[in-house]
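These notes concern the structure reproduced below.
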Amino acid sequence: MSFRTRRVLFMAPFYTIFQFFLLKYLFLLVGGLNDMSLVVLAIIIGLLHVVPMLFETKKSRKITRFLQTIDGVWMWASVIFLIDIIAIYLVGIFVVLPRPIILILLAIVPILGVYNYYKAHKLVINERVLKLENLTHEINIVHLSDVHFGSVRHKQIIRQITDKLKELEKTCDVVIISGDLADGSSVVEEHDFDALKEVNMPIIFTPGNHDFYPGIENVVKACRNAGIIVLDNGRFEFKNLNIYGLTFSFDEIEMPTLDEIKEVLNPDLINIINYHVPYYWEEFSSLGFDIQLSGHTHGGQFYPAVNFANRLFEYNKGLFKNRFGKYLHVTTGVGSMDTPMRWGTDSELVVLKLIK
């Protein structure tokens with residue numbers, strides 16, 4: 001049983017209790033249901049949160065993926081409804097809100113939901129320019145991360161990425177994926193990533209923590225069937241780049257020491273470290289890495305989580321440059337975790353233009 005599955009099962013009773021009280025206060029605003037009806041409804045929502053996932057970890061099916069998507073959307077709605085309800089009650093301390101105003105305030109949530117769902121599924125291409133003194137010739141890298149292939153975003157997201165990468169073939173040279181290609185919410189089968197065979201650029205992937213949840217061997221097998229180069233604490237030279245992939249596994253495997261990492265550097269090339277999380281940039285820069293490519297944060301994915309992520313992560317999203325001319329790029333990711341919603345962040349592929 002994966003870490004993600006254990007986490008969901010452990011939290012399921014608390015999630016169900018939360019749903020009961022959320023629904024209770026929600027229906028007090030719009031028209032009450034008795035407590036027994038609310039208990040039944042909360043249990044159904046709790047089961048929807050758990051049961052499809054248990055099936056998906058064995059065999060992915062359209063019906064369980066659909067139910068997982070419904071659950072994911074409702075998880076997002078629960079958070080926004082909670083904020084909405086708290087705001088209504090706080091305002092109600094000072095003024096009496098007419099019932100039509102309350103209904104309008106609650107109706108904002110499904111309206112926002114349509115936008116959030118659309119935003120999460122619209123894959124955009126963003127560009128960043130990196131100026132490097134020791135660059136011998138210009139090169140364009142497509143950087144992506146956090147695809148989260150799983151029960152909520154399945155083969156359609158692989159197809160979407162493939163189509164975008166094919167559009168970039170004429171102007172870009174290499175693709176680098178900074179972890180969490182898989183989500184862990186469904187099994188990964190050996191031909192799940194095969195669409196990426198159509199891309200006529202090298203695709204390099206280094207695992208992140210979620211890639212271990214469905215079984216890292218399954219993810220690696222699917223990658224290799226699709227012609228993806230897997231850098232699991234290994235390096236790959238391409239043109240004037242020396243790319244080192246440092247796996248992030250939440251201690252599933254032992255991390256190399258800084259001295260061991262330093263040995264992979266090539267002073268004659270641009271040294272890139274592909275590391276899922278935006279940590280240790282200062283240390284890696286001091287070793288001699290010119291660029292660090294990371295993801296993991298999703299940029300917070302949606303408001304108000306974006307505000308918390310900005311405080312939680314020193315480098316939450318975007319391109320950063322230190323006084324030594326070294327870069328860190330943190331992408332907001334392609335897919336989404338748990339809930340297929342975005343607000344304030346892009347589902348993005350980023351073209352990194354390396355110029356002298």
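Please note that chains go A, B, ... in the order of the structure tokens, that every chain numbers its residues from 1, and that ligands are numbered from 1 in the order shown.
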
Stretch 188-299 of chain A: residues DSSP assigns to alpha helix (DSSP H), reported as a list in words: Ile216, Glu217, Asn218, Val219, Val220, Lys221, Ala222, Cys223, Arg224, Asn225, Leu258, Asp259, Glu260, Ile261, Lys262, Trp281, Glu282, Glu283, Phe284, Ser285, Ser286 and Leu287 of chain A

Residue neighbourhood A:Asp194, 10 Å, only C-alpha atoms, exclusion window fewer than 5 positions, as a list of chain:residue names: A:Lys155, A:Ile158, A:Arg159, A:Thr162, A:Ala222, A:Cys223, A:Arg224, A:Asn225, A:Ala226, A:Gly227, A:Ile228

Give me a file of those residues, with N, CA and C atoms, as a PDB file, in the first residue's frame.
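Produced file result.pdb, reproduced below:
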```
ATOM      1  N   LYS A 155      -4.517   9.375 -19.460  1.00  0.00           N
ATOM      2  CA  LYS A 155      -3.780   9.402 -20.731  1.00  0.00           C
ATOM      3  C   LYS A 155      -4.010  10.674 -21.531  1.00  0.00           C
ATOM      4  N   ILE A 158      -1.120  13.036 -21.095  1.00  0.00           N
ATOM      5  CA  ILE A 158       0.072  12.624 -21.850  1.00  0.00           C
ATOM      6  C   ILE A 158      -0.090  13.027 -23.319  1.00  0.00           C
ATOM      7  N   ARG A 159      -1.295  12.861 -23.847  1.00  0.00           N
ATOM      8  CA  ARG A 159      -1.582  13.261 -25.225  1.00  0.00           C
ATOM      9  C   ARG A 159      -1.441  14.774 -25.382  1.00  0.00           C
ATOM     10  N   THR A 162       2.219  15.718 -25.351  1.00  0.00           N
ATOM     11  CA  THR A 162       2.839  15.284 -26.607  1.00  0.00           C
ATOM     12  C   THR A 162       2.555  16.275 -27.727  1.00  0.00           C
ATOM     13  N   ALA A 222       7.492   2.270 -17.828  1.00  0.00           N
ATOM     14  CA  ALA A 222       6.653   3.019 -18.767  1.00  0.00           C
ATOM     15  C   ALA A 222       7.462   4.095 -19.469  1.00  0.00           C
ATOM     16  N   CYS A 223       8.384   4.727 -18.743  1.00  0.00           N
ATOM     17  CA  CYS A 223       9.253   5.748 -19.346  1.00  0.00           C
ATOM     18  C   CYS A 223      10.130   5.138 -20.424  1.00  0.00           C
ATOM     19  N   ARG A 224      10.768   4.051 -20.108  1.00  0.00           N
ATOM     20  CA  ARG A 224      11.694   3.433 -21.063  1.00  0.00           C
ATOM     21  C   ARG A 224      10.959   2.895 -22.285  1.00  0.00           C
ATOM     22  N   ASN A 225       9.742   2.412 -22.099  1.00  0.00           N
ATOM     23  CA  ASN A 225       8.950   1.992 -23.256  1.00  0.00           C
ATOM     24  C   ASN A 225       8.631   3.166 -24.173  1.00  0.00           C
ATOM     25  N   ALA A 226       8.552   4.373 -23.592  1.00  0.00           N
ATOM     26  CA  ALA A 226       8.249   5.574 -24.373  1.00  0.00           C
ATOM     27  C   ALA A 226       9.511   6.266 -24.881  1.00  0.00           C
ATOM     28  N   GLY A 227      10.680   5.679 -24.626  1.00  0.00           N
ATOM     29  CA  GLY A 227      11.929   6.258 -25.102  1.00  0.00           C
ATOM     30  C   GLY A 227      12.441   7.407 -24.252  1.00  0.00           C
ATOM     31  N   ILE A 228      11.930   7.533 -23.027  1.00  0.00           N
ATOM     32  CA  ILE A 228      12.354   8.603 -22.120  1.00  0.00           C
ATOM     33  C   ILE A 228      13.639   8.184 -21.412  1.00  0.00           C
TER      34      ILE A 228
END
```

Distance query stretch 200-209 of chain A at most 6 Å, only C-alpha atoms, self and fewer than 5 positions along chain excluded, as number ranges by chain: A: 174-180, 228-232, 245, 247-250, 276

Polymer residues at most 10 Å from A:Phe320, only C-alpha atoms, same-chain spacing of 3 or more positions, as a short mmCIF file (atom, residue, chain, number, x, y, z; two decimals) with N, CA and C atoms, in the first residue's frame:
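Done, and the output landed in selection.cif:
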```
data_model
loop_
_atom_site.label_atom_id
_atom_site.label_comp_id
_atom_site.auth_asym_id
_atom_site.auth_seq_id
_atom_site.Cartn_x
_atom_site.Cartn_y
_atom_site.Cartn_z
N LEU A 130 17.69 32.86 -19.93
CA LEU A 130 18.80 32.68 -19.00
C LEU A 130 20.09 33.08 -19.71
N ILE A 291 22.55 25.80 -13.39
CA ILE A 291 21.08 25.86 -13.40
C ILE A 291 20.52 24.73 -12.56
N GLN A 292 19.52 25.03 -11.76
CA GLN A 292 18.73 24.00 -11.07
C GLN A 292 17.31 24.07 -11.61
N TYR A 315 11.41 29.61 -2.61
CA TYR A 315 11.35 29.74 -4.06
C TYR A 315 10.12 28.94 -4.53
N LYS A 317 7.76 29.75 -7.20
CA LYS A 317 7.53 29.62 -8.64
C LYS A 317 8.31 30.70 -9.38
N GLY A 325 25.40 34.56 -10.72
CA GLY A 325 24.92 34.30 -12.06
C GLY A 325 24.36 32.92 -12.26
N LYS A 326 24.03 32.23 -11.15
CA LYS A 326 23.44 30.88 -11.21
C LYS A 326 21.92 31.00 -11.15
N TYR A 327 21.24 30.06 -11.82
CA TYR A 327 19.79 30.14 -11.95
C TYR A 327 19.07 28.98 -11.25
N LEU A 328 17.89 29.28 -10.78
CA LEU A 328 16.92 28.27 -10.33
C LEU A 328 15.61 28.55 -11.03
N HIS A 329 15.06 27.53 -11.69
CA HIS A 329 13.73 27.67 -12.28
C HIS A 329 12.78 26.68 -11.62
N VAL A 330 11.68 27.23 -11.08
CA VAL A 330 10.65 26.42 -10.43
C VAL A 330 9.36 26.55 -11.23
#
```

DSSP-assigned strand (DSSP E or B) among stretch 93-222 of chain A, expressed as JSON, numbers by chain: {"A": [123, 124, 125, 126, 127, 128, 129, 130, 131, 139, 140, 141, 142, 143, 144, 149, 174, 175, 176, 177, 182, 203, 204, 205]}

Residue subset to file, keeping N, CA and C atoms, as an mmCIF file, in the first residue's frame:
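The file below, again.cif, is the result:
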```
data_model
loop_
_atom_site.group_PDB
_atom_site.id
_atom_site.type_symbol
_atom_site.label_atom_id
_atom_site.label_comp_id
_atom_site.auth_asym_id
_atom_site.auth_seq_id
_atom_site.Cartn_x
_atom_site.Cartn_y
_atom_site.Cartn_z
ATOM 1 N N LEU A 123 -3.271 23.943 -21.109
ATOM 2 C CA LEU A 123 -1.815 23.871 -21.057
ATOM 3 C C LEU A 123 -1.223 25.008 -21.881
ATOM 4 N N VAL A 124 -0.404 25.840 -21.225
ATOM 5 C CA VAL A 124 0.169 27.007 -21.892
ATOM 6 C C VAL A 124 1.691 26.862 -21.975
ATOM 7 N N ILE A 125 2.273 27.623 -22.897
ATOM 8 C CA ILE A 125 3.732 27.653 -23.058
ATOM 9 C C ILE A 125 4.234 29.020 -22.609
ATOM 10 N N ASN A 126 5.068 29.025 -21.595
ATOM 11 C CA ASN A 126 5.700 30.253 -21.116
ATOM 12 C C ASN A 126 7.181 30.233 -21.475
ATOM 13 N N GLU A 127 7.806 31.395 -21.496
ATOM 14 C CA GLU A 127 9.228 31.492 -21.867
ATOM 15 C C GLU A 127 10.014 32.258 -20.808
ATOM 16 N N ARG A 128 11.253 31.828 -20.597
ATOM 17 C CA ARG A 128 12.194 32.525 -19.732
ATOM 18 C C ARG A 128 13.536 32.586 -20.444
ATOM 19 N N VAL A 129 14.308 33.660 -20.198
ATOM 20 C CA VAL A 129 15.633 33.816 -20.799
ATOM 21 C C VAL A 129 16.684 33.710 -19.701
ATOM 22 N N LEU A 130 17.692 32.859 -19.927
ATOM 23 C CA LEU A 130 18.802 32.682 -18.995
ATOM 24 C C LEU A 130 20.091 33.076 -19.708
ATOM 25 N N LYS A 131 20.803 34.055 -19.156
ATOM 26 C CA LYS A 131 22.041 34.532 -19.760
ATOM 27 C C LYS A 131 23.229 33.890 -19.040
ATOM 28 N N ILE A 139 20.842 27.416 -26.738
ATOM 29 C CA ILE A 139 20.069 26.181 -26.706
ATOM 30 C C ILE A 139 18.751 26.441 -25.985
ATOM 31 N N ASN A 140 17.693 25.789 -26.420
ATOM 32 C CA ASN A 140 16.374 25.950 -25.809
ATOM 33 C C ASN A 140 15.949 24.640 -25.141
ATOM 34 N N ILE A 141 15.586 24.747 -23.868
ATOM 35 C CA ILE A 141 15.141 23.600 -23.072
ATOM 36 C C ILE A 141 13.652 23.753 -22.782
ATOM 37 N N VAL A 142 12.902 22.677 -22.960
ATOM 38 C CA VAL A 142 11.508 22.666 -22.498
ATOM 39 C C VAL A 142 11.503 22.051 -21.103
ATOM 40 N N HIS A 143 11.128 22.851 -20.126
ATOM 41 C CA HIS A 143 11.099 22.375 -18.737
ATOM 42 C C HIS A 143 9.657 22.157 -18.299
ATOM 43 N N LEU A 144 9.381 20.972 -17.775
ATOM 44 C CA LEU A 144 8.073 20.677 -17.207
ATOM 45 C C LEU A 144 8.217 19.790 -15.993
ATOM 46 N N PHE A 149 0.236 12.094 -13.682
ATOM 47 C CA PHE A 149 -0.570 11.083 -14.383
ATOM 48 C C PHE A 149 -1.199 10.166 -13.339
ATOM 49 N N VAL A 174 15.730 19.989 -26.261
ATOM 50 C CA VAL A 174 15.646 18.900 -25.298
ATOM 51 C C VAL A 174 14.531 19.194 -24.307
ATOM 52 N N VAL A 175 13.935 18.123 -23.771
ATOM 53 C CA VAL A 175 12.858 18.228 -22.786
ATOM 54 C C VAL A 175 13.364 17.669 -21.466
ATOM 55 N N ILE A 176 13.137 18.400 -20.369
ATOM 56 C CA ILE A 176 13.538 17.925 -19.045
ATOM 57 C C ILE A 176 12.328 17.942 -18.117
ATOM 58 N N ILE A 177 12.045 16.783 -17.530
ATOM 59 C CA ILE A 177 10.906 16.625 -16.614
ATOM 60 C C ILE A 177 11.445 16.489 -15.198
ATOM 61 N N ALA A 182 4.205 10.639 -12.466
ATOM 62 C CA ALA A 182 3.050 9.883 -11.978
ATOM 63 C C ALA A 182 2.526 10.506 -10.698
ATOM 64 N N ILE A 203 13.879 13.313 -24.301
ATOM 65 C CA ILE A 203 13.092 13.625 -23.104
ATOM 66 C C ILE A 203 13.805 13.002 -21.910
ATOM 67 N N ILE A 204 14.163 13.834 -20.952
ATOM 68 C CA ILE A 204 14.914 13.399 -19.777
ATOM 69 C C ILE A 204 14.027 13.537 -18.545
ATOM 70 N N PHE A 205 14.003 12.512 -17.725
ATOM 71 C CA PHE A 205 13.127 12.490 -16.547
ATOM 72 C C PHE A 205 13.907 12.034 -15.322
#
```

Stretch 299-306 of chain A environment, 10 Å, only C-alpha atoms, sequence neighbours closer than 2 positions dropped, as a ChimeraX atom specification: /A:76,79-80,83,116,119-120,295-297,308-313,315-318,330-333,335-337,339-347

Taking C-alpha atoms for each residue, export the selection above as a PDB file, in the first residue's frame.
```pdb
ATOM      1  CA  TRP A  76     -11.743  22.092  -3.906  1.00  0.00           C
ATOM      2  CA  VAL A  79     -12.322  24.566   0.826  1.00  0.00           C
ATOM      3  CA  ILE A  80     -13.890  27.511  -1.016  1.00  0.00           C
ATOM      4  CA  ILE A  83     -14.040  30.269   3.325  1.00  0.00           C
ATOM      5  CA  ASN A 116     -10.642  26.738 -12.036  1.00  0.00           C
ATOM      6  CA  LYS A 119      -7.559  26.812 -16.049  1.00  0.00           C
ATOM      7  CA  ALA A 120      -6.213  23.465 -14.821  1.00  0.00           C
ATOM      8  CA  GLY A 295       8.867  21.808  -9.488  1.00  0.00           C
ATOM      9  CA  HIS A 296       6.922  20.230  -6.611  1.00  0.00           C
ATOM     10  CA  THR A 297       5.220  23.376  -5.284  1.00  0.00           C
ATOM     11  CA  PHE A 308       0.442  29.948   1.796  1.00  0.00           C
ATOM     12  CA  ALA A 309       2.875  28.434  -0.731  1.00  0.00           C
ATOM     13  CA  ASN A 310       4.570  31.817  -1.166  1.00  0.00           C
ATOM     14  CA  ARG A 311       5.296  31.789   2.564  1.00  0.00           C
ATOM     15  CA  LEU A 312       6.063  28.076   2.852  1.00  0.00           C
ATOM     16  CA  PHE A 313       8.586  27.905   0.002  1.00  0.00           C
ATOM     17  CA  TYR A 315      11.347  29.740  -4.065  1.00  0.00           C
ATOM     18  CA  ASN A 316       7.735  28.956  -4.906  1.00  0.00           C
ATOM     19  CA  LYS A 317       7.529  29.617  -8.642  1.00  0.00           C
ATOM     20  CA  GLY A 318       9.383  31.366 -11.438  1.00  0.00           C
ATOM     21  CA  VAL A 330      10.648  26.415 -10.426  1.00  0.00           C
ATOM     22  CA  THR A 331       7.751  25.521 -12.702  1.00  0.00           C
ATOM     23  CA  THR A 332       4.145  25.499 -11.510  1.00  0.00           C
ATOM     24  CA  GLY A 333       3.709  22.127 -13.204  1.00  0.00           C
ATOM     25  CA  GLY A 335      -1.022  18.556 -13.907  1.00  0.00           C
ATOM     26  CA  SER A 336      -2.655  18.972 -10.531  1.00  0.00           C
ATOM     27  CA  MET A 337      -2.559  17.135  -7.219  1.00  0.00           C
ATOM     28  CA  THR A 339      -8.061  18.294  -7.207  1.00  0.00           C
ATOM     29  CA  PRO A 340      -8.140  19.201 -10.932  1.00  0.00           C
ATOM     30  CA  MET A 341      -8.377  22.931 -10.239  1.00  0.00           C
ATOM     31  CA  ARG A 342      -6.086  25.946 -10.762  1.00  0.00           C
ATOM     32  CA  TRP A 343      -6.475  29.616  -9.906  1.00  0.00           C
ATOM     33  CA  GLY A 344      -3.586  32.045 -10.023  1.00  0.00           C
ATOM     34  CA  THR A 345      -1.128  29.555 -11.541  1.00  0.00           C
ATOM     35  CA  ASP A 346      -0.579  28.099 -15.003  1.00  0.00           C
ATOM     36  CA  SER A 347      -0.565  24.540 -16.189  1.00  0.00           C
TER      37      SER A 347
END
```
